[in-house]
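Shown below: input.json, with JSON, C-alpha atoms and all ligand atoms.
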```json
[["chain", "number", "residue", "atom", "x", "y", "z"],
["A", 1416, "MET", "CA", 58.80, 29.06, 82.65],
["A", 1417, "SER", "CA", 61.17, 26.07, 82.69],
["A", 1418, "PRO", "CA", 64.88, 26.84, 82.68],
["A", 1419, "ARG", "CA", 66.68, 26.47, 79.38],
["A", 1420, "PRO", "CA", 68.93, 23.43, 79.58],
["A", 1421, "ALA", "CA", 72.69, 24.01, 79.51],
["A", 1422, "ILE", "CA", 74.23, 23.53, 76.08],
["A", 1423, "VAL", "CA", 77.56, 21.69, 75.88],
["A", 1424, "ARG", "CA", 79.57, 21.34, 72.69],
["A", 1425, "THR", "CA", 82.43, 19.03, 73.61],
["A", 1426, "VAL", "CA", 82.50, 15.34, 74.46],
["A", 1427, "ALA", "CA", 84.44, 16.12, 77.66],
["A", 1428, "ASP", "CA", 81.72, 18.49, 78.93],
["A", 1429, "LEU", "CA", 78.99, 16.03, 77.99],
["A", 1430, "ARG", "CA", 80.72, 13.19, 79.83],
["A", 1431, "GLN", "CA", 81.39, 15.35, 82.90],
["A", 1432, "GLN", "CA", 77.66, 16.08, 83.37],
["A", 1433, "VAL", "CA", 76.58, 12.50, 82.67],
["A", 1434, "ALA", "CA", 79.23, 11.20, 85.10],
["A", 1435, "ALA", "CA", 77.97, 13.60, 87.80],
["A", 1436, "TRP", "CA", 74.42, 12.30, 87.35],
["A", 1437, "ARG", "CA", 75.63, 8.71, 87.46],
["A", 1438, "ALA", "CA", 77.68, 9.39, 90.61],
["A", 1439, "ALA", "CA", 74.42, 10.57, 92.20],
["A", 1440, "GLY", "CA", 72.79, 7.24, 91.23],
["A", 1441, "LYS", "CA", 70.64, 8.73, 88.45],
["A", 1442, "ARG", "CA", 69.53, 7.14, 85.18],
["A", 1443, "VAL", "CA", 70.14, 8.99, 81.94],
["A", 1444, "ALA", "CA", 68.19, 8.93, 78.65],
["A", 1445, "MET", "CA", 69.33, 10.34, 75.32],
["A", 1446, "VAL", "CA", 67.17, 11.74, 72.51],
["A", 1447, "PRO", "CA", 69.32, 12.24, 69.39],
["A", 1448, "THR", "CA", 67.88, 14.88, 67.03],
["A", 1449, "MET", "CA", 68.83, 17.12, 64.15],
["A", 1450, "GLY", "CA", 66.98, 20.03, 65.76],
["A", 1451, "ALA", "CA", 63.97, 21.83, 64.19],
["A", 1452, "LEU", "CA", 62.02, 20.15, 66.95],
["A", 1453, "HIS", "CA", 58.32, 19.32, 66.97],
["A", 1454, "ALA", "CA", 55.92, 17.56, 69.31],
["A", 1455, "GLY", "CA", 57.25, 14.17, 68.20],
["A", 1456, "HIS", "CA", 60.74, 14.93, 69.54],
["A", 1457, "LEU", "CA", 59.30, 16.37, 72.76],
["A", 1458, "SER", "CA", 57.20, 13.24, 73.30],
["A", 1459, "LEU", "CA", 60.47, 11.26, 73.25],
["A", 1460, "VAL", "CA", 61.91, 13.51, 75.97],
["A", 1461, "ARG", "CA", 58.83, 12.89, 78.11],
["A", 1462, "LEU", "CA", 58.99, 9.15, 77.40],
["A", 1463, "GLY", "CA", 62.63, 9.16, 78.51],
["A", 1464, "LEU", "CA", 61.67, 10.82, 81.78],
["A", 1465, "GLU", "CA", 59.25, 7.95, 82.54],
["A", 1466, "THR", "CA", 62.18, 5.61, 83.21],
["A", 1467, "CYS", "CA", 65.14, 7.97, 83.67],
["A", 1468, "ASP", "CA", 65.96, 10.92, 85.91],
["A", 1469, "HIS", "CA", 67.63, 13.06, 83.25],
["A", 1470, "VAL", "CA", 67.37, 13.45, 79.48],
["A", 1471, "VAL", "CA", 70.19, 14.60, 77.21],
["A", 1472, "ALA", "CA", 69.06, 15.77, 73.75],
["A", 1473, "SER", "CA", 71.61, 16.07, 71.00],
["A", 1474, "ILE", "CA", 71.21, 18.56, 68.17],
["A", 1475, "PHE", "CA", 73.43, 17.85, 65.18],
["A", 1476, "VAL", "CA", 72.48, 18.11, 61.52],
["A", 1477, "ASN", "CA", 74.57, 15.19, 60.37],
["A", 1478, "PRO", "CA", 76.15, 15.83, 56.95],
["A", 1479, "ALA", "CA", 77.04, 12.14, 56.56],
["A", 1480, "GLN", "CA", 73.40, 11.10, 56.13],
["A", 1481, "PHE", "CA", 72.66, 13.56, 53.30],
["A", 1482, "ALA", "CA", 73.62, 12.95, 49.66],
["A", 1483, "PRO", "CA", 75.15, 15.98, 47.88],
["A", 1484, "HIS", "CA", 71.86, 16.71, 46.06],
["A", 1485, "GLU", "CA", 69.77, 16.54, 49.28],
["A", 1486, "ASP", "CA", 68.61, 19.26, 51.68],
["A", 1487, "PHE", "CA", 71.53, 19.51, 54.13],
["A", 1488, "ASP", "CA", 71.93, 23.28, 53.60],
["A", 1489, "ALA", "CA", 68.17, 23.96, 53.62],
["A", 1490, "TYR", "CA", 67.47, 21.78, 56.68],
["A", 1491, "PRO", "CA", 65.75, 24.06, 59.25],
["A", 1492, "ARG", "CA", 67.97, 25.21, 62.11],
["A", 1493, "GLY", "CA", 67.07, 27.19, 65.24],
["A", 1494, "GLU", "CA", 68.95, 26.32, 68.40],
["A", 1495, "GLY", "CA", 67.32, 29.00, 70.59],
["A", 1496, "ARG", "CA", 63.77, 27.81, 69.86],
["A", 1497, "ASP", "CA", 64.83, 24.16, 70.24],
["A", 1498, "ALA", "CA", 66.41, 24.91, 73.64],
["A", 1499, "GLU", "CA", 63.19, 26.58, 74.88],
["A", 1500, "LEU", "CA", 61.08, 23.62, 73.78],
["A", 1501, "LEU", "CA", 63.47, 21.08, 75.29],
["A", 1502, "GLY", "CA", 63.55, 22.95, 78.61],
["A", 1503, "ALA", "CA", 59.75, 23.02, 78.73],
["A", 1504, "ALA", "CA", 59.65, 19.25, 78.06],
["A", 1505, "GLY", "CA", 62.04, 18.55, 80.96],
["A", 1506, "CYS", "CA", 65.30, 17.96, 79.08],
["A", 1507, "GLY", "CA", 68.28, 18.62, 81.36],
["A", 1508, "LEU", "CA", 71.17, 19.00, 78.92],
["A", 1509, "ILE", "CA", 71.70, 19.72, 75.22],
["A", 1510, "PHE", "CA", 74.71, 18.33, 73.39],
["A", 1511, "ALA", "CA", 75.20, 20.43, 70.25],
["A", 1512, "PRO", "CA", 78.59, 19.54, 68.81],
["A", 1513, "GLY", "CA", 80.10, 21.20, 65.76],
["A", 1514, "VAL", "CA", 81.04, 19.15, 62.72],
["A", 1515, "GLU", "CA", 84.70, 19.26, 63.83],
["A", 1516, "VAL", "CA", 83.77, 17.42, 67.04],
["A", 1517, "MET", "CA", 81.82, 14.69, 65.25],
["A", 1518, "TYR", "CA", 84.06, 14.38, 62.19],
["A", 1519, "PRO", "CA", 87.51, 15.73, 63.08],
["A", 1520, "PRO", "CA", 90.13, 15.97, 60.34],
["A", 1521, "GLY", "CA", 91.25, 12.49, 59.34],
["A", 1522, "PHE", "CA", 87.98, 10.87, 60.41],
["A", 1523, "ALA", "CA", 88.00, 7.51, 58.58],
["A", 1524, "THR", "CA", 85.46, 5.22, 60.26],
["A", 1525, "ALA", "CA", 82.02, 4.18, 59.08],
["A", 1526, "VAL", "CA", 79.40, 1.96, 60.68],
["A", 1527, "THR", "CA", 77.23, 0.01, 58.25],
["A", 1528, "VAL", "CA", 74.32, -2.24, 59.08],
["A", 1529, "ALA", "CA", 73.28, -4.89, 56.56],
["A", 1530, "GLY", "CA", 69.87, -6.60, 56.35],
["A", 1531, "VAL", "CA", 67.22, -4.26, 57.72],
["A", 1532, "SER", "CA", 68.85, -1.25, 56.04],
["A", 1533, "GLY", "CA", 68.56, -2.83, 52.57],
["A", 1534, "PRO", "CA", 65.09, -2.02, 51.17],
["A", 1535, "LEU", "CA", 63.03, 1.19, 51.00],
["A", 1536, "GLU", "CA", 65.16, 4.10, 52.32],
["A", 1537, "GLY", "CA", 68.27, 1.95, 51.79],
["A", 1538, "GLU", "CA", 67.48, 1.76, 48.07],
["A", 1539, "LYS", "CA", 66.24, 5.31, 47.61],
["A", 1540, "ARG", "CA", 68.87, 7.03, 49.81],
["A", 1541, "PRO", "CA", 71.94, 4.75, 49.66],
["A", 1542, "GLN", "CA", 74.09, 7.02, 51.87],
["A", 1543, "PHE", "CA", 71.43, 7.47, 54.55],
["A", 1544, "PHE", "CA", 71.68, 4.53, 56.94],
["A", 1545, "GLY", "CA", 75.49, 4.44, 56.92],
["A", 1546, "GLY", "CA", 75.49, 8.10, 57.98],
["A", 1547, "VAL", "CA", 72.83, 7.48, 60.63],
["A", 1548, "ALA", "CA", 74.52, 4.37, 62.07],
["A", 1549, "THR", "CA", 77.89, 6.13, 62.22],
["A", 1550, "VAL", "CA", 76.63, 9.27, 63.94],
["A", 1551, "VAL", "CA", 74.26, 7.47, 66.33],
["A", 1552, "SER", "CA", 76.94, 4.99, 67.41],
["A", 1553, "LYS", "CA", 79.24, 7.96, 68.11],
["A", 1554, "LEU", "CA", 76.54, 9.84, 70.05],
["A", 1555, "LEU", "CA", 75.76, 6.78, 72.19],
["A", 1556, "ILE", "CA", 79.44, 6.15, 72.91],
["A", 1557, "GLN", "CA", 80.01, 9.85, 73.69],
["A", 1558, "CYS", "CA", 77.06, 10.10, 76.07],
["A", 1559, "GLY", "CA", 76.74, 6.59, 77.50],
["A", 1560, "PRO", "CA", 73.00, 6.79, 78.29],
["A", 1561, "ASP", "CA", 70.95, 3.99, 79.86],
["A", 1562, "VAL", "CA", 68.29, 4.35, 77.17],
["A", 1563, "ALA", "CA", 68.07, 6.14, 73.83],
["A", 1564, "LEU", "CA", 64.79, 7.07, 72.18],
["A", 1565, "PHE", "CA", 63.87, 7.35, 68.50],
["A", 1566, "GLY", "CA", 60.54, 7.98, 66.79],
["A", 1567, "GLU", "CA", 58.64, 5.22, 65.01],
["A", 1568, "LYS", "CA", 57.94, 7.72, 62.23],
["A", 1569, "ASP", "CA", 61.40, 6.66, 60.99],
["A", 1570, "TYR", "CA", 60.60, 3.01, 61.66],
["A", 1571, "GLN", "CA", 63.30, 1.51, 59.43],
["A", 1572, "GLN", "CA", 65.87, 3.82, 61.05],
["A", 1573, "LEU", "CA", 64.73, 2.56, 64.47],
["A", 1574, "LEU", "CA", 65.31, -1.05, 63.37],
["A", 1575, "VAL", "CA", 68.75, -0.18, 61.95],
["A", 1576, "ILE", "CA", 69.75, 1.49, 65.24],
["A", 1577, "LYS", "CA", 68.44, -1.43, 67.32],
["A", 1578, "ARG", "CA", 70.45, -3.88, 65.16],
["A", 1579, "MET", "CA", 73.57, -1.69, 65.38],
["A", 1580, "ALA", "CA", 73.36, -1.35, 69.18],
["A", 1581, "ARG", "CA", 72.86, -5.12, 69.56],
["A", 1582, "ASP", "CA", 75.66, -6.04, 67.15],
["A", 1583, "LEU", "CA", 78.16, -3.63, 68.74],
["A", 1584, "ASP", "CA", 77.16, -4.60, 72.31],
["A", 1585, "LEU", "CA", 76.43, -0.98, 73.14],
["A", 1586, "PRO", "CA", 75.16, -0.99, 76.74],
["A", 1587, "VAL", "CA", 72.01, 0.97, 75.99],
["A", 1588, "GLU", "CA", 68.34, 0.13, 75.59],
["A", 1589, "ILE", "CA", 66.90, 1.48, 72.32],
["A", 1590, "ILE", "CA", 63.26, 2.52, 72.67],
["A", 1591, "GLY", "CA", 60.85, 3.54, 69.91],
["A", 1592, "GLY", "CA", 58.23, 6.22, 70.58],
["A", 1593, "PRO", "CA", 54.89, 6.33, 68.74],
["A", 1594, "THR", "CA", 54.52, 8.67, 65.75],
["A", 1595, "VAL", "CA", 52.94, 11.98, 66.73],
["A", 1596, "ARG", "CA", 50.41, 13.28, 64.19],
["A", 1597, "GLU", "CA", 48.77, 16.56, 63.28],
["A", 1598, "ALA", "CA", 44.97, 16.81, 63.69],
["A", 1599, "ASP", "CA", 44.45, 15.63, 60.08],
["A", 1600, "GLY", "CA", 46.75, 12.63, 60.58],
["A", 1601, "LEU", "CA", 49.91, 13.95, 58.89],
["A", 1602, "ALA", "CA", 52.97, 12.56, 60.70],
["A", 1603, "MET", "CA", 54.97, 15.34, 62.33],
["A", 1604, "SER", "CA", 58.31, 15.96, 60.65],
["A", 1605, "SER", "CA", 60.81, 18.81, 60.61],
["A", 1606, "ARG", "CA", 60.54, 18.71, 56.81],
["A", 1607, "ASN", "CA", 56.80, 19.56, 56.91],
["A", 1608, "ALA", "CA", 58.05, 23.16, 57.22],
["A", 1609, "TYR", "CA", 58.97, 22.98, 53.52],
["A", 1610, "LEU", "CA", 55.30, 22.54, 52.49],
["A", 1611, "SER", "CA", 53.37, 25.49, 51.03],
["A", 1612, "ALA", "CA", 49.89, 26.11, 52.48],
["A", 1613, "GLU", "CA", 48.32, 24.36, 49.50],
["A", 1614, "GLU", "CA", 50.71, 21.40, 49.72],
["A", 1615, "ARG", "CA", 50.05, 21.13, 53.44],
["A", 1616, "THR", "CA", 46.37, 20.49, 52.68],
["A", 1617, "VAL", "CA", 47.23, 17.86, 50.07],
["A", 1618, "ALA", "CA", 49.74, 16.20, 52.45],
["A", 1619, "ALA", "CA", 46.83, 14.88, 54.53],
["A", 1620, "VAL", "CA", 46.14, 12.45, 51.69],
["A", 1621, "VAL", "CA", 49.14, 10.38, 52.91],
["A", 1622, "PRO", "CA", 47.54, 9.27, 56.22],
["A", 1623, "ALA", "CA", 44.19, 8.80, 54.47],
["A", 1624, "VAL", "CA", 45.79, 6.50, 51.88],
["A", 1625, "MET", "CA", 47.67, 4.62, 54.60],
["A", 1626, "ALA", "CA", 44.53, 4.13, 56.68],
["A", 1627, "GLU", "CA", 42.73, 2.71, 53.68],
["A", 1628, "ALA", "CA", 45.64, 0.43, 52.74],
["A", 1629, "VAL", "CA", 45.88, -0.93, 56.28],
["A", 1630, "GLU", "CA", 42.14, -1.49, 56.47],
["A", 1631, "ARG", "CA", 42.15, -3.41, 53.18],
["A", 1632, "LEU", "CA", 45.15, -5.54, 54.20],
["A", 1633, "ARG", "CA", 43.47, -6.37, 57.50],
["A", 1634, "ALA", "CA", 40.43, -7.46, 55.52],
["A", 1635, "GLY", "CA", 42.60, -9.89, 53.51],
["A", 1636, "ALA", "CA", 43.21, -7.94, 50.27],
["A", 1637, "ALA", "CA", 46.29, -8.84, 48.20],
["A", 1638, "VAL", "CA", 49.39, -6.71, 48.92],
["A", 1639, "ALA", "CA", 50.20, -6.02, 45.27],
["A", 1640, "GLU", "CA", 46.73, -4.69, 44.60],
["A", 1641, "VAL", "CA", 46.64, -2.54, 47.75],
["A", 1642, "GLU", "CA", 50.09, -1.06, 47.01],
["A", 1643, "ALA", "CA", 49.15, -0.21, 43.42],
["A", 1644, "ALA", "CA", 45.88, 1.41, 44.49],
["A", 1645, "ALA", "CA", 47.69, 3.52, 47.11],
["A", 1646, "VAL", "CA", 50.28, 4.72, 44.58],
["A", 1647, "ALA", "CA", 47.51, 5.60, 42.11],
["A", 1648, "ARG", "CA", 45.62, 7.58, 44.77],
["A", 1649, "LEU", "CA", 48.74, 9.52, 45.77],
["A", 1650, "GLU", "CA", 49.56, 10.32, 42.15],
["A", 1651, "ALA", "CA", 45.99, 11.46, 41.52],
["A", 1652, "ALA", "CA", 46.29, 13.84, 44.48],
["A", 1653, "GLY", "CA", 49.42, 15.43, 43.00],
["A", 1654, "PHE", "CA", 52.28, 13.45, 44.55],
["A", 1655, "GLY", "CA", 55.16, 12.45, 42.34],
["A", 1656, "PRO", "CA", 57.34, 10.61, 42.18],
["A", 1657, "VAL", "CA", 55.99, 8.11, 44.69],
["A", 1658, "ASP", "CA", 59.21, 6.41, 45.79],
["A", 1659, "TYR", "CA", 57.35, 3.46, 47.28],
["A", 1660, "VAL", "CA", 54.26, 2.14, 48.96],
["A", 1661, "GLN", "CA", 55.29, -1.29, 50.21],
["A", 1662, "ALA", "CA", 54.31, -3.80, 52.87],
["A", 1663, "HIS", "CA", 57.23, -5.25, 54.83],
["A", 1664, "ASP", "CA", 57.64, -7.44, 57.84],
["A", 1665, "GLY", "CA", 58.01, -5.10, 60.84],
["A", 1666, "GLU", "CA", 61.04, -6.93, 62.28],
["A", 1667, "ALA", "CA", 63.25, -8.28, 59.50],
["A", 1668, "MET", "CA", 61.99, -5.76, 56.92],
["A", 1669, "GLU", "CA", 61.36, -8.54, 54.40],
["A", 1670, "ARG", "CA", 59.09, -7.57, 51.53],
["A", 1671, "LEU", "CA", 55.60, -9.06, 51.82],
["A", 1672, "GLY", "CA", 53.10, -10.02, 49.13],
["A", 1673, "PRO", "CA", 51.91, -10.27, 46.47],
["A", 1674, "GLY", "CA", 49.07, -12.05, 48.36],
["A", 1675, "PRO", "CA", 47.46, -11.25, 51.73],
["A", 1676, "VAL", "CA", 49.68, -10.51, 54.77],
["A", 1677, "GLY", "CA", 49.85, -12.25, 58.14],
["A", 1678, "THR", "CA", 50.64, -10.65, 61.49],
["A", 1679, "GLY", "CA", 53.52, -8.23, 62.04],
["A", 1680, "ALA", "CA", 53.21, -6.42, 58.69],
["A", 1681, "ARG", "CA", 53.75, -2.69, 58.22],
["A", 1682, "VAL", "CA", 53.04, -0.49, 55.24],
["A", 1683, "PHE", "CA", 55.70, 2.07, 54.34],
["A", 1684, "VAL", "CA", 55.32, 5.10, 52.09],
["A", 1685, "ALA", "CA", 57.69, 7.71, 50.68],
["A", 1686, "ALA", "CA", 56.37, 10.24, 48.19],
["A", 1687, "TRP", "CA", 57.33, 13.66, 46.89],
["A", 1688, "LEU", "CA", 54.98, 16.62, 47.05],
["A", 1689, "GLY", "CA", 56.72, 19.41, 45.18],
["A", 1690, "LYS", "CA", 60.16, 19.72, 46.79],
["A", 1691, "THR", "CA", 59.17, 17.89, 49.99],
["A", 1692, "ARG", "CA", 59.65, 14.16, 50.51],
["A", 1693, "LEU", "CA", 57.12, 12.77, 52.98],
["A", 1694, "ILE", "CA", 57.54, 9.38, 54.65],
["A", 1695, "ASP", "CA", 55.23, 7.44, 56.95],
["A", 1696, "ASN", "CA", 54.52, 3.89, 58.05],
["A", 1697, "TRP", "CA", 51.52, 2.17, 59.62],
["A", 1698, "ALA", "CA", 51.22, -1.18, 61.40],
["A", 1699, "VAL", "CA", 48.71, -3.54, 59.78],
["B", 1701, "LIG", "O1", 66.08, 10.96, 62.95],
["B", 1701, "LIG", "C1", 66.94, 11.86, 63.02],
["B", 1701, "LIG", "O2", 66.66, 13.01, 63.36],
["B", 1701, "LIG", "C2", 68.37, 11.55, 62.63],
["B", 1701, "LIG", "O3", 68.42, 10.60, 61.60],
["B", 1701, "LIG", "C3", 69.24, 11.10, 63.83],
["B", 1701, "LIG", "C4", 68.73, 9.80, 64.42],
["B", 1701, "LIG", "C5", 69.25, 12.19, 64.90],
["B", 1701, "LIG", "C6", 70.68, 10.87, 63.37],
["B", 1701, "LIG", "O4", 71.24, 12.01, 62.82]]
```
Step by step, read the file and then write its structure as structure tokens.
Amino acid sequence: MSPRPAIVRTVADLRQQVAAWRAAGKRVAMVPTMGALHAGHLSLVRLGLETCDHVVASIFVNPAQFAPHEDFDAYPRGEGRDAELLGAAGCGLIFAPGVEVMYPPGFATAVTVAGVSGPLEGEKRPQFFGGVATVVSKLLIQCGPDVALFGEKDYQQLLVIKRMARDLDLPVEIIGGPTVREADGLAMSSRNAYLSAEERTVAAVVPAVMAEAVERLRAGAAVAEVEAAAVARLEAAGFGPVDYVQAHDGEAMERLGPGPVGTGARVFVAAWLGKTRLIDNWAV
């Protein structure tokens, strides 16, 4: 069995270990997480180890990215299980700060990213990207990794973080890892744990709808028609509300349509199934 990685909770302890690795000429990757880990997170650890000698994973359920009515309190937590999984994947250190480390009394700074954060999640969850950009910029400054890895499942988040790192001249390479899926195509997510057994079966409609939408767009169908058909299919399967099914450019996040798309398009979906909000995105 792989050793459980050490868990540090202060910035000083984190920096001491990273500095020791650097002094030995090693490269360091960081995988920021909110815990409740699944195979998608672990694939990012393994991806980090392809170009770096050590991986630091952070576990912090970031209150700043949740609105008051959202699931901050219910968000699944389980540090012991997460540590076992991270150790088995080859992670060498866990940074699990308390809220007082990340947001000490008097904390008054916010990082906001315009442009790519505007549509989709930016419209439906107005607090989300500000909270993500603030916490991720802090984590990257605290750790100082060579590379940081984020899943493409949260594709718009990945673009926001890339923009933020570029704009702030953070000396880190931001790498996206492919979405990891269950056998029926459902994108892995910590929030899938909220689904009842019946809902879990219905959830597989999301990848089926996305596959069909992508196929039709590739064949030259009009965006507006494909989006409307996808929403109708989700609603017929029991989803509601469907926050969006939209095609956007995969770099600038500009809305595409209403006619056929060119290269570089992606289709994004967010839809509620009972109390669970599922998101996914597929390249066209
Ligand atoms: O994707 C997540 O788990 C979170 O948004 C992140 C990037 C760890 C920031 O809290």
May I have a table of the residues of chain A lying at most 7 Å from ligand LIG 1701 (chain B), giving each one's closest pair of atoms and their distance in Å to one decimal, counting all atoms listed in the file, ordered by chain and ascending residue number, as JSON lines?
```
{"residue": "A:Pro1447", "atom": "CA", "partner": "B:LIG1701", "partner_atom": "C5", "distance": 4.5}
{"residue": "A:Thr1448", "atom": "CA", "partner": "B:LIG1701", "partner_atom": "C5", "distance": 3.7}
{"residue": "A:Met1449", "atom": "CA", "partner": "B:LIG1701", "partner_atom": "O2", "distance": 4.7}
{"residue": "A:Phe1475", "atom": "CA", "partner": "B:LIG1701", "partner_atom": "O4", "distance": 6.7}
{"residue": "A:Val1476", "atom": "CA", "partner": "B:LIG1701", "partner_atom": "O4", "distance": 6.4}
{"residue": "A:Asn1477", "atom": "CA", "partner": "B:LIG1701", "partner_atom": "O4", "distance": 5.2}
{"residue": "A:Val1547", "atom": "CA", "partner": "B:LIG1701", "partner_atom": "C6", "distance": 4.9}
{"residue": "A:Val1550", "atom": "CA", "partner": "B:LIG1701", "partner_atom": "O4", "distance": 6.1}
{"residue": "A:Val1551", "atom": "CA", "partner": "B:LIG1701", "partner_atom": "C6", "distance": 5.8}
{"residue": "A:Phe1565", "atom": "CA", "partner": "B:LIG1701", "partner_atom": "C4", "distance": 6.8}
{"residue": "A:Asp1569", "atom": "CA", "partner": "B:LIG1701", "partner_atom": "O1", "distance": 6.7}
```
I'd like the interatomic distance between atom CA of Met1625 of chain A and atom CA of Ala1602 of chain A, to a tenth of an Å.
11.3 Å
For atom CA of Pro1478 of chain A and atom CA of Gln1431 of chain A, quote the distance in Å rounded to one decimal.
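Distance between the two atoms: 26.5 Å.
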If you measure from atom CA of Phe1654 of chain A to atom CA of Gly1672 of chain A, what distance in Å do you get, rounded to one decimal?
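Separation of atom CA of Phe1654 of chain A and atom CA of Gly1672 of chain A: 23.9 Å.
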May I have the residues within 8 Å of segment 1659-1661 of chain A as a VMD selection string, using all atoms listed in the file and disregarding those fewer than 2 positions away in the same chain?
chain A and resid 1535 1642 to 1643 1645 to 1646 1657 1663 1670 to 1671 1682 to 1686
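Between Glu1485 of chain A and the residues A:Tyr1518, A:Ala1580, A:Gly1600, A:Lys1539, the shortest atom-to-atom distance, using all atoms listed in the file, involves A:Lys1539.
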For Val1629 of chain A, find every residue with an atom within 9 Å (counting all atoms listed in the file), except residues of its own chain fewer than 4 positions away, and show them as JSON, numbers by chain.
{"A": [1624, 1625, 1633, 1634, 1641, 1681, 1682, 1697, 1698, 1699]}
The residue from A:Gly1463, A:Pro1420, A:Pro1541, A:Pro1586 with the smallest atom-to-atom distance to Leu1501 of chain A, counting all atoms listed in the file, is A:Pro1420
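Taking only C-alpha atoms into account, the polymer residues that have an atom no farther than 7 Å from (53.2, 12.4, 73.5) are Gly1455, Ser1458 and Val1595 of chain A.
Between Glu1614 of chain A and the candidates A:Arg1540, A:His1484, A:Lys1690, A:Arg1578, the tightest atom-to-atom separation, counting all atoms listed in the file, involves A:Lys1690.
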Place a sphere of radius 8 Å on (72.4, 23.7, 80.1) in the file coordinates and name every protein, DNA or RNA residue with an atom inside or on its surface, counting only C-alpha atoms; give the answer as a list in words.
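Looking at atoms near the point gives Arg1419, Pro1420, Ala1421, Ile1422, Val1423, Gly1507, Leu1508 and Ile1509 of chain A.
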Which residue of A:Val1587, A:Val1471, A:Leu1610, A:Val1516 approaches Val1433 of chain A most closely, using only C-alpha atoms
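The answer is A:Val1471, which sits nearest to Val1433 of chain A.
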